[in-house]
Amino acid sequence: MDGWWKKNPYYVEYMVHESTAFFVAAYAIVLLVGLLRLSQGEAAWNGFLEALKSPLSIVVHLVFLVAIAYHAFTWFKLFPLTMPPMIVNGKRVEPGVVVGTGWTAAIVASLVLLGLVWRIAA
């Protein structure tokens with residue numbers, strides 16, 4: 001049974017997708033620590049912000065970004081397989097359109113959120 005998933009590329013991709021959930025959870029912990037530091041006052045919050053500016057933190061966040069982007073990509077890729085067929089004007093919507101729409105919605109929502117945070121921070 002050892003390494004059974006390595007014999008099929010589909011299972012390899014599935015296991016990599018599932019392992020990237022660790023990075024999603026780790027980043028959630030970073031956000032929770034930030035929330036805790038915020039609740040502890042200005043000095044704790046400023047210390048947290050300074051820690052985020054360190055080179056190690058930046059590298060870790062880049063790793064988080066790549067892993068979470070891959071996790072999201074594979075999640076959107078599963079949409080056409082898990083959703084009921086979408087019929088528009090009597091034709092079934094192609095899987096690529098479903099995946100592309102999901103990615104577009106995620107990117108637009110991220111940019112809007114980034115714009116709001118940028119505006120509040122300015």
# chains A, B, ... in the order shown; residues from 1 in each chain; ligands from 1
>>> select_by_dssp(residues="segment 36-117 of chain A", states="strand (DSSP E)", output="number ranges by chain")
A: 87-88, 91-92
>>> write_last_selection(atoms="C-alpha atoms", output="short mmCIF file (atom, residue, chain, number, x, y, z; two decimals), in the first residue's frame")
data_model
loop_
_atom_site.label_atom_id
_atom_site.label_comp_id
_atom_site.auth_asym_id
_atom_site.auth_seq_id
_atom_site.Cartn_x
_atom_site.Cartn_y
_atom_site.Cartn_z
CA ILE A 87 -27.10 24.71 -19.78
CA VAL A 88 -27.23 28.15 -21.42
CA LYS A 91 -26.00 24.26 -24.91
CA ARG A 92 -23.85 22.88 -22.16
#
>>> residues_around(residues="segment 29-44 of chain A", least_positions_apart="6", cutoff="12 Å", atoms="only C-alpha atoms", output="PyMOL selection string")
chain A and resi 22-23+50-52+57+60-61+64
>>> select_by_dssp(residues="chain A", states="alpha helix (DSSP H)", output="PyMOL selection string")
chain A and resi 9-39+42-52+55-82+95-121
>>> atom_distance(atom1="atom CA of Ala21 of chain A", atom2="atom CA of Ala72 of chain A")
9.9 Å
>>> atom_distance(atom1="atom CA of Met15 of chain A", atom2="atom CA of Gly100 of chain A")
23.1 Å
>>> residues_around(residues="Pro84 of chain A", least_positions_apart="5", cutoff="12 Å", atoms="only C-alpha atoms", output="PyMOL selection string")
chain A and resi 78-79+92-93+95+98
>>> residues_around(residues="Ala69 of chain A", least_positions_apart="6", cutoff="10 Å", atoms="only C-alpha atoms", output="list in words")
Thr20, Val24, Val63 and Trp75 of chain A
>>> residues_around(residues="Trp103 of chain A", least_positions_apart="4", cutoff="12 Å", atoms="only C-alpha atoms", output="list of chain:residue names")
A:Ala69, A:Tyr70, A:Ala72, A:Phe73, A:Thr74, A:Trp75, A:Phe76, A:Lys77, A:Phe79, A:Gly96, A:Val97, A:Val98, A:Val99, A:Ile107, A:Val108, A:Ala109, A:Ser110
>>> atom_distance(atom1="atom CA of Pro80 of chain A", atom2="atom CA of His17 of chain A")
16.6 Å
>>> decode(residues="segment 78-117 of chain A", atoms="C-alpha atoms", output="PDB file, in the first residue's frame")
ATOM      1  CA  LEU A  78     -12.762  20.543 -10.057  1.00  0.00           C
ATOM      2  CA  PHE A  79     -15.809  22.790 -10.502  1.00  0.00           C
ATOM      3  CA  PRO A  80     -16.979  21.259 -13.803  1.00  0.00           C
ATOM      4  CA  LEU A  81     -16.685  17.769 -12.311  1.00  0.00           C
ATOM      5  CA  THR A  82     -18.656  18.533  -9.151  1.00  0.00           C
ATOM      6  CA  MET A  83     -21.314  20.925 -10.425  1.00  0.00           C
ATOM      7  CA  PRO A  84     -24.461  19.836 -12.200  1.00  0.00           C
ATOM      8  CA  PRO A  85     -24.256  20.532 -15.939  1.00  0.00           C
ATOM      9  CA  MET A  86     -24.891  24.187 -16.760  1.00  0.00           C
ATOM     10  CA  ILE A  87     -27.096  24.711 -19.779  1.00  0.00           C
ATOM     11  CA  VAL A  88     -27.225  28.154 -21.423  1.00  0.00           C
ATOM     12  CA  ASN A  89     -29.348  28.691 -24.570  1.00  0.00           C
ATOM     13  CA  GLY A  90     -29.747  24.938 -24.909  1.00  0.00           C
ATOM     14  CA  LYS A  91     -25.998  24.265 -24.911  1.00  0.00           C
ATOM     15  CA  ARG A  92     -23.853  22.875 -22.158  1.00  0.00           C
ATOM     16  CA  VAL A  93     -21.285  25.335 -20.820  1.00  0.00           C
ATOM     17  CA  GLU A  94     -17.754  24.113 -21.507  1.00  0.00           C
ATOM     18  CA  PRO A  95     -15.606  23.173 -18.489  1.00  0.00           C
ATOM     19  CA  GLY A  96     -12.997  25.774 -19.440  1.00  0.00           C
ATOM     20  CA  VAL A  97     -15.614  28.528 -19.241  1.00  0.00           C
ATOM     21  CA  VAL A  98     -16.637  27.384 -15.752  1.00  0.00           C
ATOM     22  CA  VAL A  99     -13.007  27.327 -14.563  1.00  0.00           C
ATOM     23  CA  GLY A 100     -12.261  30.671 -16.220  1.00  0.00           C
ATOM     24  CA  THR A 101     -15.329  32.264 -14.661  1.00  0.00           C
ATOM     25  CA  GLY A 102     -14.313  31.018 -11.219  1.00  0.00           C
ATOM     26  CA  TRP A 103     -10.789  32.392 -11.635  1.00  0.00           C
ATOM     27  CA  THR A 104     -12.099  35.701 -12.962  1.00  0.00           C
ATOM     28  CA  ALA A 105     -14.477  36.072 -10.007  1.00  0.00           C
ATOM     29  CA  ALA A 106     -11.666  35.263  -7.546  1.00  0.00           C
ATOM     30  CA  ILE A 107      -9.248  37.732  -9.162  1.00  0.00           C
ATOM     31  CA  VAL A 108     -11.838  40.526  -9.328  1.00  0.00           C
ATOM     32  CA  ALA A 109     -12.848  39.958  -5.692  1.00  0.00           C
ATOM     33  CA  SER A 110      -9.187  39.952  -4.638  1.00  0.00           C
ATOM     34  CA  LEU A 111      -8.469  43.184  -6.504  1.00  0.00           C
ATOM     35  CA  VAL A 112     -11.526  44.877  -5.011  1.00  0.00           C
ATOM     36  CA  LEU A 113     -10.479  43.776  -1.524  1.00  0.00           C
ATOM     37  CA  LEU A 114      -6.904  44.910  -2.159  1.00  0.00           C
ATOM     38  CA  GLY A 115      -8.201  48.291  -3.344  1.00  0.00           C
ATOM     39  CA  LEU A 116     -10.344  48.678  -0.238  1.00  0.00           C
ATOM     40  CA  VAL A 117      -7.455  47.791   2.080  1.00  0.00           C
TER      41      VAL A 117
END
